[in-house]
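**Student:** Data file run_5.cif (mmCIF, C-alpha atoms and all ligand atoms) is appended below.
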```cif
data_protein
#
loop_
_atom_site.label_atom_id
_atom_site.label_comp_id
_atom_site.auth_asym_id
_atom_site.auth_seq_id
_atom_site.Cartn_x
_atom_site.Cartn_y
_atom_site.Cartn_z
CA MET Y 28 -42.96 -14.10 12.37
CA LEU Y 29 -42.72 -10.31 12.49
CA ILE Y 30 -39.42 -8.58 13.32
CA ARG Y 31 -40.33 -5.03 14.34
CA ASN Y 32 -38.51 -1.78 15.03
CA GLY Y 33 -35.07 -2.92 13.88
CA VAL Y 34 -32.67 -1.30 11.46
CA LEU Y 35 -32.29 -3.47 8.35
CA VAL Y 36 -28.76 -3.44 6.96
CA GLY Y 37 -28.02 -4.45 3.40
CA ALA Y 38 -25.34 -3.85 0.79
CA GLU Y 39 -27.23 -0.74 -0.29
CA GLY Y 40 -27.62 0.87 3.12
CA GLN Y 41 -29.58 0.94 6.37
CA ARG Y 42 -33.35 1.29 6.66
CA ARG Y 43 -35.67 1.31 9.67
CA LEU Y 44 -38.24 -1.25 8.51
CA ASP Y 45 -40.24 -4.22 9.79
CA LEU Y 46 -39.77 -7.63 8.23
CA ARG Y 47 -42.22 -10.54 8.04
CA THR Y 48 -41.30 -14.19 7.44
CA ARG Y 49 -43.52 -17.15 6.58
CA ALA Y 50 -42.67 -20.75 5.69
CA GLU Y 51 -38.88 -20.17 5.64
CA LYS Y 52 -39.07 -17.07 3.43
CA ILE Y 53 -39.10 -13.30 3.79
CA VAL Y 54 -42.58 -12.30 2.65
CA GLU Y 55 -42.95 -8.62 3.52
CA ILE Y 56 -40.70 -5.64 4.28
CA ALA Y 57 -42.33 -2.31 5.11
CA GLU Y 58 -42.70 0.42 7.68
CA GLY Y 59 -45.07 -0.12 10.60
CA LEU Y 60 -46.31 -3.64 9.85
CA THR Y 61 -49.01 -4.80 12.28
CA PRO Y 62 -48.94 -8.31 13.77
CA GLU Y 63 -51.43 -10.80 12.40
CA PRO Y 64 -53.52 -12.85 14.85
CA GLY Y 65 -51.31 -15.44 16.53
CA GLU Y 66 -48.15 -14.20 14.83
CA GLU Y 67 -44.88 -14.37 16.76
CA VAL Y 68 -43.45 -10.88 17.21
CA VAL Y 69 -39.75 -10.14 17.79
CA ASP Y 70 -39.00 -6.67 19.11
CA ALA Y 71 -35.73 -5.57 17.49
CA SER Y 72 -35.69 -2.06 18.99
CA GLY Y 73 -32.10 -0.87 19.17
CA LEU Y 74 -30.90 -3.86 17.12
CA LEU Y 75 -29.46 -4.21 13.63
CA VAL Y 76 -31.09 -6.78 11.37
CA LEU Y 77 -28.53 -8.36 9.02
CA PRO Y 78 -28.84 -11.03 6.35
CA GLY Y 79 -27.16 -14.30 7.44
CA PHE Y 80 -23.51 -14.44 6.45
CA ILE Y 81 -22.33 -16.90 3.78
CA ASP Y 82 -18.91 -18.40 4.42
CA THR Y 83 -17.75 -19.93 1.15
CA HIS Y 84 -14.56 -21.40 2.64
CA VAL Y 85 -14.65 -23.79 5.63
CA HIS Y 86 -12.87 -27.08 6.40
CA PHE Y 87 -15.20 -29.10 8.66
CA ARG Y 88 -13.09 -32.32 8.72
CA ASP Y 89 -16.06 -34.63 8.25
CA PRO Y 90 -15.32 -37.41 7.41
CA GLY Y 91 -11.86 -38.41 8.62
CA GLY Y 92 -10.92 -35.66 11.06
CA THR Y 93 -13.93 -35.54 13.33
CA HIS Y 94 -11.78 -35.37 16.46
CA LYS Y 95 -11.23 -31.71 15.51
CA GLU Y 96 -14.54 -30.85 13.80
CA ASP Y 97 -17.64 -32.44 12.34
CA PHE Y 98 -20.67 -31.06 10.56
CA LEU Y 99 -22.49 -30.54 13.87
CA SER Y 100 -19.75 -28.68 15.78
CA GLY Y 101 -18.63 -26.76 12.70
CA THR Y 102 -22.11 -25.57 11.79
CA GLN Y 103 -22.89 -24.73 15.44
CA ALA Y 104 -19.77 -22.52 15.47
CA ALA Y 105 -20.99 -20.98 12.21
CA LEU Y 106 -24.46 -20.30 13.60
CA ALA Y 107 -23.02 -18.68 16.75
CA GLY Y 108 -20.99 -16.47 14.42
CA GLY Y 109 -23.97 -15.35 12.37
CA VAL Y 110 -23.02 -17.56 9.42
CA THR Y 111 -26.15 -19.27 8.11
CA THR Y 112 -24.67 -20.85 4.98
CA ILE Y 113 -21.29 -22.58 4.59
CA LEU Y 114 -19.48 -24.17 1.68
CA ASP Y 115 -17.27 -27.05 2.84
CA MET Y 116 -13.87 -27.74 1.29
CA PRO Y 117 -13.01 -31.15 -0.17
CA ASN Y 118 -9.70 -31.92 1.63
CA THR Y 119 -11.32 -34.31 4.08
CA GLN Y 120 -10.36 -37.99 4.43
CA PRO Y 121 -11.13 -39.36 1.96
CA ALA Y 122 -10.92 -36.25 -0.20
CA VAL Y 123 -14.06 -35.46 -2.18
CA THR Y 124 -12.88 -36.19 -5.70
CA GLY Y 125 -15.76 -38.21 -7.14
CA ARG Y 126 -19.33 -39.44 -6.85
CA GLU Y 127 -18.78 -41.86 -3.97
CA GLN Y 128 -17.10 -39.39 -1.60
CA LEU Y 129 -19.55 -36.66 -2.54
CA ASN Y 130 -22.52 -38.88 -1.63
CA GLU Y 131 -20.86 -39.94 1.61
CA LYS Y 132 -20.20 -36.35 2.68
CA ALA Y 133 -23.67 -35.18 1.61
CA ALA Y 134 -25.22 -37.81 3.91
CA LEU Y 135 -23.06 -36.70 6.85
CA ALA Y 136 -23.94 -33.04 6.31
CA ALA Y 137 -27.65 -33.79 5.95
CA ALA Y 138 -27.70 -35.65 9.27
CA LYS Y 139 -25.69 -33.12 11.30
CA ALA Y 140 -25.70 -29.59 9.88
CA VAL Y 141 -27.55 -26.79 11.66
CA VAL Y 142 -26.94 -24.20 8.93
CA ASP Y 143 -27.38 -24.54 5.17
CA TYR Y 144 -24.45 -25.99 3.31
CA GLY Y 145 -22.90 -26.71 -0.05
CA LEU Y 146 -19.95 -28.96 -0.88
CA TYR Y 147 -16.83 -28.56 -2.95
CA LEU Y 148 -15.29 -31.11 -5.24
CA GLY Y 149 -11.48 -31.43 -5.23
CA ALA Y 150 -9.40 -31.51 -8.40
CA THR Y 151 -6.80 -34.25 -8.93
CA PRO Y 152 -4.65 -34.92 -11.99
CA GLU Y 153 -6.97 -37.84 -12.82
CA ASN Y 154 -10.54 -36.63 -12.27
CA VAL Y 155 -11.02 -34.04 -15.04
CA GLU Y 156 -14.05 -35.69 -16.67
CA GLU Y 157 -15.65 -36.99 -13.49
CA ALA Y 158 -15.39 -33.55 -11.84
CA ALA Y 159 -17.01 -31.84 -14.80
CA GLY Y 160 -19.84 -34.39 -14.70
CA LEU Y 161 -20.59 -33.56 -11.05
CA ALA Y 162 -20.50 -29.78 -11.45
CA ASN Y 163 -24.26 -29.29 -11.04
CA GLU Y 164 -24.24 -30.98 -7.65
CA VAL Y 165 -21.46 -28.97 -6.05
CA ALA Y 166 -20.80 -25.36 -5.11
CA ALA Y 167 -17.54 -25.24 -7.02
CA MET Y 168 -14.35 -27.13 -7.68
CA LYS Y 169 -11.30 -26.49 -5.50
CA LEU Y 170 -7.88 -26.84 -7.06
CA TYR Y 171 -4.69 -26.76 -5.00
CA MET Y 172 -1.71 -25.54 -7.03
CA GLY Y 173 0.48 -25.87 -3.93
CA SER Y 174 0.29 -28.56 -1.29
CA SER Y 175 -1.36 -27.85 2.02
CA THR Y 176 -3.37 -29.93 4.53
CA GLY Y 177 -4.41 -33.18 2.78
CA SER Y 178 -3.20 -34.65 -0.47
CA LEU Y 179 -5.07 -32.66 -3.13
CA LEU Y 180 -2.64 -31.16 -5.62
CA VAL Y 181 -2.47 -30.34 -9.34
CA THR Y 182 0.85 -28.91 -10.51
CA GLU Y 183 1.47 -30.22 -14.03
CA PHE Y 184 0.34 -28.09 -16.93
CA ALA Y 185 -1.72 -30.75 -18.73
CA PRO Y 186 -4.23 -31.60 -15.95
CA LEU Y 187 -4.31 -27.97 -14.85
CA TYR Y 188 -5.21 -26.78 -18.33
CA ARG Y 189 -7.68 -29.62 -18.83
CA HIS Y 190 -9.51 -28.81 -15.56
CA PHE Y 191 -9.69 -25.14 -16.50
CA SER Y 192 -11.03 -25.93 -19.96
CA THR Y 193 -13.34 -28.86 -19.07
CA PHE Y 194 -15.05 -27.88 -15.78
CA PRO Y 195 -18.18 -25.88 -16.79
CA HIS Y 196 -16.94 -22.37 -17.45
CA ASP Y 197 -19.69 -20.55 -15.57
CA LYS Y 198 -19.24 -22.58 -12.40
CA PRO Y 199 -16.57 -21.21 -10.06
CA LEU Y 200 -13.18 -22.87 -10.04
CA VAL Y 201 -11.62 -21.92 -6.70
CA VAL Y 202 -7.85 -22.01 -6.67
CA HIS Y 203 -5.37 -22.22 -3.81
CA ALA Y 204 -2.72 -20.21 -5.61
CA GLU Y 205 0.69 -21.09 -4.19
CA ASP Y 206 3.25 -22.52 -6.58
CA GLU Y 207 4.44 -25.98 -5.53
CA GLN Y 208 7.91 -25.89 -7.08
CA SER Y 209 8.84 -22.66 -5.40
CA LEU Y 210 7.33 -23.86 -2.10
CA GLN Y 211 9.62 -26.88 -2.32
CA TYR Y 212 12.61 -24.68 -3.05
CA PHE Y 213 12.06 -22.20 -0.22
CA GLY Y 214 10.99 -25.01 2.12
CA ALA Y 215 14.32 -26.80 1.53
CA LEU Y 216 16.26 -23.57 2.16
CA ALA Y 217 14.46 -23.09 5.47
CA ARG Y 218 14.78 -26.72 6.63
CA PRO Y 219 17.96 -26.31 8.73
CA GLN Y 220 16.25 -23.72 10.96
CA SER Y 221 12.74 -25.08 10.75
CA LEU Y 222 12.94 -26.79 14.12
CA ALA Y 223 13.16 -23.39 15.76
CA SER Y 224 9.86 -22.16 17.16
CA SER Y 225 10.61 -18.72 15.73
CA THR Y 226 10.53 -19.98 12.12
CA ASN Y 227 8.82 -17.35 9.98
CA HIS Y 228 6.22 -19.18 7.90
CA ASN Y 229 5.98 -16.16 5.59
CA GLN Y 230 9.59 -16.78 4.54
CA VAL Y 231 9.08 -20.53 4.09
CA ARG Y 232 6.05 -19.91 1.83
CA PRO Y 233 6.82 -16.42 0.52
CA PRO Y 234 4.60 -14.00 -1.44
CA LEU Y 235 6.55 -14.90 -4.60
CA SER Y 236 5.01 -18.41 -4.55
CA ALA Y 237 1.53 -16.88 -4.48
CA GLN Y 238 2.39 -14.46 -7.26
CA ILE Y 239 3.73 -17.21 -9.55
CA ALA Y 240 0.72 -19.50 -9.09
CA LEU Y 241 -1.74 -16.63 -9.44
CA SER Y 242 -0.11 -15.43 -12.68
CA ARG Y 243 -0.33 -18.94 -14.09
CA ALA Y 244 -3.99 -19.35 -13.10
CA LEU Y 245 -4.91 -15.94 -14.53
CA ALA Y 246 -3.20 -16.71 -17.82
CA ILE Y 247 -5.07 -20.00 -18.19
CA ALA Y 248 -8.37 -18.43 -17.15
CA GLU Y 249 -7.85 -15.70 -19.73
CA LYS Y 250 -7.11 -18.23 -22.45
CA THR Y 251 -10.00 -20.55 -21.61
CA GLY Y 252 -12.51 -17.78 -20.82
CA ARG Y 253 -13.63 -19.58 -17.68
CA ARG Y 254 -14.57 -18.20 -14.26
CA LEU Y 255 -11.92 -18.27 -11.56
CA HIS Y 256 -12.18 -17.41 -7.85
CA ILE Y 257 -8.88 -16.94 -6.00
CA ALA Y 258 -9.01 -18.24 -2.43
CA HIS Y 259 -7.31 -16.34 0.39
CA THR Y 260 -5.54 -13.54 -1.46
CA THR Y 261 -2.95 -12.20 0.98
CA THR Y 262 -0.71 -9.60 -0.66
CA GLN Y 263 -0.84 -6.25 -2.41
CA ARG Y 264 0.79 -7.72 -5.51
CA GLU Y 265 -1.92 -10.38 -5.88
CA LEU Y 266 -4.73 -7.83 -5.56
CA GLU Y 267 -3.02 -5.67 -8.18
CA LEU Y 268 -2.65 -8.60 -10.59
CA ILE Y 269 -6.30 -9.51 -10.10
CA GLN Y 270 -7.45 -5.93 -10.68
CA GLU Y 271 -5.38 -5.74 -13.85
CA ALA Y 272 -6.84 -9.05 -15.08
CA LYS Y 273 -10.39 -7.87 -14.32
CA GLN Y 274 -9.75 -4.75 -16.37
CA LYS Y 275 -8.69 -6.95 -19.29
CA GLY Y 276 -11.94 -8.89 -19.01
CA VAL Y 277 -10.66 -12.02 -17.25
CA ARG Y 278 -13.57 -13.56 -15.30
CA VAL Y 279 -11.79 -13.56 -11.96
CA THR Y 280 -12.98 -12.78 -8.43
CA CYS Y 281 -11.08 -13.04 -5.18
CA GLU Y 282 -11.40 -13.81 -1.49
CA VAL Y 283 -9.56 -12.46 1.54
CA THR Y 284 -9.75 -14.06 5.00
CA PRO Y 285 -10.27 -12.27 8.31
CA LEU Y 286 -6.99 -13.91 9.40
CA HIS Y 287 -5.03 -11.93 6.85
CA LEU Y 288 -7.05 -8.76 7.50
CA PHE Y 289 -6.50 -8.83 11.25
CA LEU Y 290 -3.16 -10.65 11.83
CA THR Y 291 0.40 -10.34 10.48
CA GLU Y 292 3.60 -12.38 10.41
CA GLU Y 293 4.50 -10.78 13.74
CA ASP Y 294 1.47 -12.50 15.26
CA GLN Y 295 2.68 -15.79 13.80
CA GLN Y 296 6.09 -15.22 15.38
CA GLN Y 297 4.43 -14.53 18.69
CA LYS Y 298 1.77 -17.27 18.55
CA GLY Y 299 4.03 -19.87 16.95
CA ASN Y 300 2.13 -22.71 15.27
CA LEU Y 301 -1.25 -21.27 16.29
CA GLY Y 302 -0.48 -18.65 13.65
CA LYS Y 303 0.69 -21.17 11.04
CA VAL Y 304 -1.63 -21.12 8.03
CA ASN Y 305 -1.32 -21.54 4.25
CA PRO Y 306 -0.93 -19.05 2.72
CA PRO Y 307 0.93 -17.51 5.66
CA LEU Y 308 0.17 -14.42 7.67
CA ARG Y 309 2.00 -11.69 5.76
CA SER Y 310 3.93 -8.49 6.47
CA ARG Y 311 2.26 -5.45 8.02
CA GLU Y 312 2.60 -3.70 4.64
CA ASP Y 313 0.66 -6.43 2.89
CA GLN Y 314 -1.96 -6.51 5.64
CA GLN Y 315 -2.46 -2.75 5.34
CA ALA Y 316 -2.72 -3.09 1.56
CA LEU Y 317 -5.68 -5.48 1.99
CA TRP Y 318 -7.53 -2.71 3.84
CA ARG Y 319 -6.41 -0.01 1.42
CA LEU Y 320 -7.57 -2.11 -1.56
CA PHE Y 321 -10.71 -3.36 0.22
CA ASP Y 322 -12.86 -2.25 -2.73
CA SER Y 323 -11.15 -4.80 -4.96
CA ILE Y 324 -11.94 -7.74 -2.64
CA ASP Y 325 -15.01 -9.70 -3.81
CA THR Y 326 -15.59 -12.05 -0.88
CA ILE Y 327 -14.44 -12.53 2.69
CA GLY Y 328 -14.24 -16.21 3.62
CA THR Y 329 -12.84 -17.59 6.85
CA ASP Y 330 -10.74 -20.57 5.70
CA HIS Y 331 -11.94 -22.06 9.01
CA ALA Y 332 -9.33 -24.83 9.42
CA PRO Y 333 -9.44 -26.31 12.92
CA HIS Y 334 -6.54 -28.33 14.32
CA THR Y 335 -6.29 -29.42 17.94
CA LEU Y 336 -3.92 -27.73 20.38
CA GLU Y 337 -2.12 -31.04 20.69
CA GLU Y 338 -1.50 -31.11 16.93
CA LYS Y 339 -0.39 -27.48 16.99
CA ARG Y 340 2.02 -28.12 19.89
CA GLN Y 341 4.26 -30.28 17.69
CA PRO Y 342 7.48 -28.74 16.33
CA TYR Y 343 7.00 -26.20 13.54
CA ALA Y 344 7.82 -28.61 10.72
CA GLN Y 345 5.23 -31.18 11.84
CA ALA Y 346 2.46 -28.90 13.10
CA PRO Y 347 -0.44 -28.70 10.63
CA SER Y 348 -1.33 -25.40 8.98
CA GLY Y 349 -4.73 -23.87 9.52
CA ILE Y 350 -6.61 -21.64 11.95
CA PRO Y 351 -10.30 -21.72 12.99
CA GLY Y 352 -12.40 -18.64 12.22
CA VAL Y 353 -16.02 -19.26 11.26
CA GLN Y 354 -17.33 -18.01 14.63
CA THR Y 355 -15.19 -14.86 14.80
CA MET Y 356 -15.57 -13.37 11.29
CA LEU Y 357 -18.74 -11.35 11.87
CA PRO Y 358 -17.68 -10.15 15.36
CA LEU Y 359 -14.29 -8.94 14.04
CA LEU Y 360 -15.89 -7.18 11.08
CA LEU Y 361 -18.64 -5.65 13.26
CA ASN Y 362 -15.93 -4.35 15.53
CA ALA Y 363 -13.98 -2.95 12.57
CA ALA Y 364 -17.19 -1.23 11.44
CA SER Y 365 -17.70 0.22 14.93
CA GLN Y 366 -14.18 1.67 14.71
CA GLY Y 367 -14.93 3.20 11.31
CA ARG Y 368 -12.40 1.03 9.44
CA VAL Y 369 -15.09 -0.25 7.08
CA THR Y 370 -18.83 0.20 6.59
CA LEU Y 371 -21.30 -2.55 7.43
CA GLN Y 372 -22.64 -2.23 3.90
CA ALA Y 373 -19.21 -3.03 2.46
CA VAL Y 374 -18.96 -6.02 4.80
CA ILE Y 375 -22.36 -7.37 3.77
CA GLU Y 376 -21.46 -6.98 0.12
CA ARG Y 377 -18.42 -9.25 0.67
CA CYS Y 378 -19.93 -11.70 3.16
CA VAL Y 379 -23.45 -12.06 1.76
CA THR Y 380 -24.22 -10.40 -1.58
CA ASN Y 381 -21.14 -11.38 -3.57
CA PRO Y 382 -20.84 -14.94 -2.18
CA ALA Y 383 -24.47 -15.59 -3.18
CA ARG Y 384 -23.93 -14.11 -6.65
CA ILE Y 385 -20.58 -15.78 -7.34
CA PHE Y 386 -21.67 -19.24 -6.14
CA GLY Y 387 -25.18 -19.03 -7.62
CA LEU Y 388 -27.06 -19.25 -4.30
CA SER Y 389 -30.15 -17.49 -5.55
CA THR Y 390 -32.34 -18.17 -2.49
CA LYS Y 391 -29.75 -16.39 -0.33
CA GLY Y 392 -27.89 -13.11 -0.41
CA ALA Y 393 -30.19 -10.33 0.82
CA LEU Y 394 -33.00 -9.24 3.09
CA GLU Y 395 -35.52 -9.23 0.26
CA ILE Y 396 -38.98 -10.58 -0.35
CA GLY Y 397 -38.77 -14.15 -1.63
CA LYS Y 398 -35.33 -14.90 -0.15
CA ASP Y 399 -34.70 -17.43 2.62
CA ALA Y 400 -35.27 -15.85 6.03
CA ASP Y 401 -31.65 -16.14 7.17
CA ILE Y 402 -31.41 -13.31 9.69
CA VAL Y 403 -28.95 -12.11 12.32
CA LEU Y 404 -29.95 -9.69 15.07
CA ILE Y 405 -27.08 -7.59 16.41
CA ASP Y 406 -26.84 -5.31 19.42
CA PRO Y 407 -24.36 -2.72 18.10
CA GLN Y 408 -23.70 -1.24 21.55
CA LYS Y 409 -22.85 -4.37 23.55
CA GLU Y 410 -19.18 -5.04 24.22
CA TYR Y 411 -17.36 -8.20 25.23
CA VAL Y 412 -14.03 -10.00 24.99
CA ILE Y 413 -13.54 -13.10 22.80
CA THR Y 414 -12.50 -16.19 24.79
CA ASN Y 415 -11.52 -19.73 23.85
CA GLU Y 416 -14.41 -20.97 26.00
CA GLN Y 417 -16.98 -19.26 23.77
CA MET Y 418 -15.77 -21.21 20.74
CA LEU Y 419 -18.08 -24.04 19.65
CA SER Y 420 -15.52 -25.56 17.29
CA LYS Y 421 -14.21 -28.86 18.64
CA CYS Y 422 -10.67 -27.47 18.47
CA GLY Y 423 -11.55 -25.09 21.32
CA TRP Y 424 -9.24 -22.18 20.57
CA THR Y 425 -9.07 -19.00 18.56
CA PRO Y 426 -6.13 -16.71 17.79
CA PHE Y 427 -8.47 -13.83 18.67
CA ALA Y 428 -8.92 -14.77 22.34
CA GLY Y 429 -8.57 -11.55 24.34
CA THR Y 430 -9.80 -9.31 21.51
CA HIS Y 431 -12.29 -6.67 22.62
CA ILE Y 432 -15.39 -6.55 20.42
CA LYS Y 433 -18.11 -3.92 20.13
CA GLY Y 434 -21.29 -5.38 18.65
CA MET Y 435 -22.89 -8.61 19.81
CA ILE Y 436 -24.77 -11.31 17.94
CA GLU Y 437 -28.07 -11.71 19.82
CA GLN Y 438 -30.15 -14.09 17.71
CA VAL Y 439 -29.68 -16.02 14.48
CA TYR Y 440 -32.46 -17.45 12.30
CA VAL Y 441 -32.02 -20.01 9.53
CA ARG Y 442 -34.93 -20.04 7.07
CA GLY Y 443 -37.13 -18.38 9.69
CA ALA Y 444 -36.30 -20.76 12.55
CA LEU Y 445 -34.48 -19.42 15.61
CA GLY Y 446 -31.23 -21.40 15.81
CA TYR Y 447 -29.02 -19.40 18.16
CA VAL Y 448 -29.85 -17.11 21.02
CA ARG Y 449 -27.26 -15.29 23.19
CA GLY Y 450 -24.59 -17.94 23.59
CA THR Y 451 -26.76 -21.03 23.05
CA CYS Y 452 -27.37 -23.04 19.91
CA ILE Y 453 -30.88 -24.45 19.93
CA ALA Y 454 -31.00 -25.65 16.33
CA ARG Y 455 -31.53 -29.37 15.84
CA ALA Y 456 -28.82 -31.46 14.15
CA GLY Y 457 -29.95 -32.03 10.59
CA SER Y 458 -32.03 -28.83 10.37
CA GLY Y 459 -29.53 -27.39 7.86
CA LYS Y 460 -30.35 -28.02 4.21
CA SER Y 461 -28.29 -28.39 1.08
CA VAL Y 462 -28.28 -25.11 -0.86
CA VAL Y 463 -29.79 -24.86 -4.32
CA TYR Y 464 -27.51 -23.75 -7.16
CA THR Y 465 -28.61 -21.64 -10.04
CA GLN Y 466 -26.42 -20.08 -12.67
CA SER Y 467 -23.71 -18.05 -10.96
CA CYS Y 468 -22.24 -14.89 -12.42
O1 LIG W 501 -3.62 -23.52 6.32
C1 LIG W 501 -4.40 -24.20 5.66
N1 LIG W 501 -5.15 -25.15 6.25
N2 LIG W 501 -4.49 -24.01 4.34
C2 LIG W 501 -5.15 -24.86 3.55
O2 LIG W 501 -5.11 -24.69 2.36
C3 LIG W 501 -5.87 -26.01 4.12
C4 LIG W 501 -6.20 -25.79 5.54
C5 LIG W 501 -6.60 -27.06 6.26
O3 LIG W 501 -7.44 -27.78 5.74
O4 LIG W 501 -6.10 -27.30 7.36
ZN ZN W 502 -8.80 -23.42 2.92
#
```
Hey, can you dump this file as C-alpha cells for me?
**Tutor:**
Amino acid sequence: MLIRNGVLVGAEGQRRLDLRTRAEKIVEIAEGLTPEPGEEVVDASGLLVLPGFIDTHVHFRDPGGTHKEDFLSGTQAALAGGVTTILDMPNTQPAVTGREQLNEKAALAAAKAVVDYGLYLGATPENVEEAAGLANEVAAMKLYMGSSTGSLLVTEFAPLYRHFSTFPHDKPLVVHAEDEQSLQYFGALARPQSLASSTNHNQVRPPLSAQIALSRALAIAEKTGRRLHIAHTTTQRELELIQEAKQKGVRVTCEVTPLHLFLTEEDQQQKGNLGKVNPPLRSREDQQALWRLFDSIDTIGTDHAPHTLEEKRQPYAQAPSGIPGVQTMLPLLLNAASQGRVTLQAVIERCVTNPARIFGLSTKGALEIGKDADIVLIDPQKEYVITNEQMLSKCGWTPFAGTHIKGMIEQVYVRGALGYVRGTCIARAGSGKSVVYTQSC
C-alpha cells in the first residue's frame, strides 16, 4: 500500500513524505514515491499521517466484567480512537496474578482483539516468585499500593520490598501510588457525609495519600535500582518528586491521564459519580500544573475504566470508581494541539515513542522503515462534537460528551490493514496480535 501526499508527524517533527507498507510493515518513506503495478494507493492530501497511539493503561473487564467491556468492544473503541496497541490491566475477575489467569486472558484477547495488545500481571502479597517467573510474557507488573476497583493490593513493607527487588529490574513495575492507610483514615472522616451526592472525592482520597505512596515507592526503587513507572500522576507535588528522583538517578518514569489533564474536581462535583475515579480529579491548580510541567510527563495513558451508568447511578459510597477514555484521548489531544496548548510532536512522544521505549515494544513506536504499519490518518480541519452515541465502549458514555473537537480521525490501520474508517470499525475480531517484548529502557 502507498500512502501519498500526506504530512507525516513524528516526535521529531512534520514532513511531507509518502509512505509504503508491505506485509504488515513500513518498507519505504520518501518524497514522490510512484505506485507499483497493482498497488493500493491512499491519497492523504490535506491529511496528517500519525503513528498509531499506544495506550499502556486500559481496563477491558475481560474476563468477569464483560457486561461493561470485553476485548472486542474495548479494542474497537481503541481503534476508533486511533489507538492501535493497548496494554490491559490485571484487575479483572479473576485477577491476573499467575500462570492460569494469564493464559485464560491471553486466549480471550487472541480471539476478540482488533488492535495489538499486551497484558499486565497483578502483584499480591503472595505471588512474588511466580510474578518474577512470568515477567517475559507480560508487559509489566501492576502493583496497587492503595485499594481501588478489584482486590489487588500490597501495603505491607515485606511483600512490597520483595516485589521491587525480585521482579526483573529492567521490566517496568507500574505502581498505583495511593497510600492505603491514609485512604482509610480520610475515608472514615468523610463517611458521615459520603451519602451526599456532592461528596468531593478529592477530599476523600487527597493528594497527601498520593504523595506518601509515591515517596515510599521512589525510596524503594532508589534502593533496589529497579525501574518504576508511576501510573496516573495527578498533582504538582508528585511531578516535582519524580523530577527530583530522576535527577538523582532513580529509574522512574510517569504517566498522566487525559482525565486529569482535561477535568478537575469541579467537574466531579458537577458530574457526580461519572467523575469519580482513583486517583481523583484534582484542583484546578494541580490540573494547570500538569500542563505547565508537561515536559516532565513520560507517557499519557487513558486509565480507560468503564462502568455502566446503572453502576454509576448508585450512591457515592457504592458507585465504582473509573471513567472510560480510550476513544477520546487522541481527539482531545488533537484539539489541544489545534488550540496551541501543546504540539503534536510532544503528544506523539508521550503517546507513541515513550510508551514503546518504556514497555519494550520494539516493533512499534514510530513511522519508520521496519516498524509495524500502525497508522492513523487525521483531517486536521474537520470539526465535530463528541457524543455518547459515538462511543464503542459497552458502557456507552463519556464525560466528554458535548466537547467540541477540531481534528478528525479518518482512517486507522493496524499492521497495514485498514481497521477503522470514518465511524465504522471493519477489523475482524481476533485480528489483533499479542505484542512482542524486547528489552525496555
Ligand atoms: O478509578 C479507577 N478505576 N482506578 C483504578 O485504579 C481502577 C479502575 C477500574 O478498574 O475501575
Ligand atoms: Zn487504572
**Student:** Between Y:His259, Y:Arg189, Y:Arg311, Y:Arg264, which has the minimum distance to Gln238 (chain Y) (counting all atoms listed in the file)?
**Tutor:**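 With all atoms listed in the file as the atom set, the closest residue is Y:Arg264.
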**Student:** Please return as a PyMOL selection string the residues found within 8 Å of ligand LIG 501 (chain W), counting all atoms listed in the file.
**Tutor:** chain Y and resi 86+88+116+118-119+171+174-177+203+303-307+330-334+347-350
**Student:** Can you tell me how far CA of Pro90 (chain Y) sits from CA of Lys132 (chain Y), in Å to one decimal?
**Tutor:**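 Rounded to one decimal, the two atoms are 6.9 Å apart.
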**Student:** Excluding region 45-53 of chain Y and any residue of its chain fewer than 3 positions from it, enumerate the residues within 9 Å of it, using all atoms listed in the file, and give them as a ChimeraX atom specification.
**Tutor:** /Y:28-35,56-60,394-401,441-444
**Student:** Could you turn the residues from that selection into a file that holds C-alpha atoms, as a compact mmCIF listing (two decimals), in the coordinates of the input?
**Tutor:**
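Done, and the output landed in part-v3.txt:
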```txt
# COMPACT_ATOMS: atom_id res chain seq x y z
CA MET Y 28 -42.96 -14.10 12.37
CA LEU Y 29 -42.72 -10.31 12.49
CA ILE Y 30 -39.42 -8.58 13.32
CA ARG Y 31 -40.33 -5.03 14.34
CA ASN Y 32 -38.51 -1.78 15.03
CA GLY Y 33 -35.07 -2.92 13.88
CA VAL Y 34 -32.67 -1.30 11.46
CA LEU Y 35 -32.29 -3.47 8.35
CA ILE Y 56 -40.70 -5.64 4.28
CA ALA Y 57 -42.33 -2.31 5.11
CA GLU Y 58 -42.70 0.42 7.68
CA GLY Y 59 -45.07 -0.12 10.60
CA LEU Y 60 -46.31 -3.64 9.85
CA LEU Y 394 -33.00 -9.24 3.09
CA GLU Y 395 -35.52 -9.23 0.26
CA ILE Y 396 -38.98 -10.58 -0.35
CA GLY Y 397 -38.77 -14.15 -1.63
CA LYS Y 398 -35.33 -14.90 -0.15
CA ASP Y 399 -34.70 -17.43 2.62
CA ALA Y 400 -35.27 -15.85 6.03
CA ASP Y 401 -31.65 -16.14 7.17
CA VAL Y 441 -32.02 -20.01 9.53
CA ARG Y 442 -34.93 -20.04 7.07
CA GLY Y 443 -37.13 -18.38 9.69
CA ALA Y 444 -36.30 -20.76 12.55
```
**Student:** Hey, can you check how far CA of His84 (chain Y) sits from CA of Val448 (chain Y)?
**Tutor:**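 The value is 24.3 Å.
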**Student:** Residues within 12 Å of Ser100 (chain Y), please, as a PyMOL selection string. Count only C-alpha atoms; anything in the same chain fewer than 2 positions from it doesn't count.
**Tutor:** chain Y and resi 86-89+93-98+102-107+136+139-142+333+353-354+418-423+452+454-457
**Student:** Pick from Y:Tyr144, Y:Phe80, Y:Ile432, Y:Gln128: nearest to Leu99 (chain Y), with all atoms listed in the file counted?
**Tutor:**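 The answer is Y:Tyr144, which sits nearest to Leu99 (chain Y).
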**Student:** CA of Ala363 (chain Y) to CA of Val283 (chain Y): how many Å, to one decimal?
**Tutor:**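 The value is 15.2 Å.
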**Student:** Within 12 Å of (-18.8, -2.8, 4.8) in the file's own coordinates, which protein, DNA or RNA residues have an atom, counting all atoms listed in the file? List them as a VMD selection string.
**Tutor:** chain Y and resid 36 to 41 77 318 321 to 322 324 to 327 357 359 to 380
**Student:** Nearest to ligand ZN 502 (chain W) among Y:Thr261, Y:Thr112, Y:Gln274, Y:Thr284, with distances taken over all atoms listed in the file: which residue is it?
**Tutor:** Y:Thr284
**Student:** Between Y:Arg319, Y:Lys169, Y:Arg126, Y:Lys275, which residue has the minimum interatomic distance to ligand ZN 502 (chain W), considering all atoms listed in the file?
**Tutor:**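 Nearest candidate to ligand ZN 502 (chain W) out of Y:Arg319, Y:Lys169, Y:Arg126, Y:Lys275: Y:Lys169.
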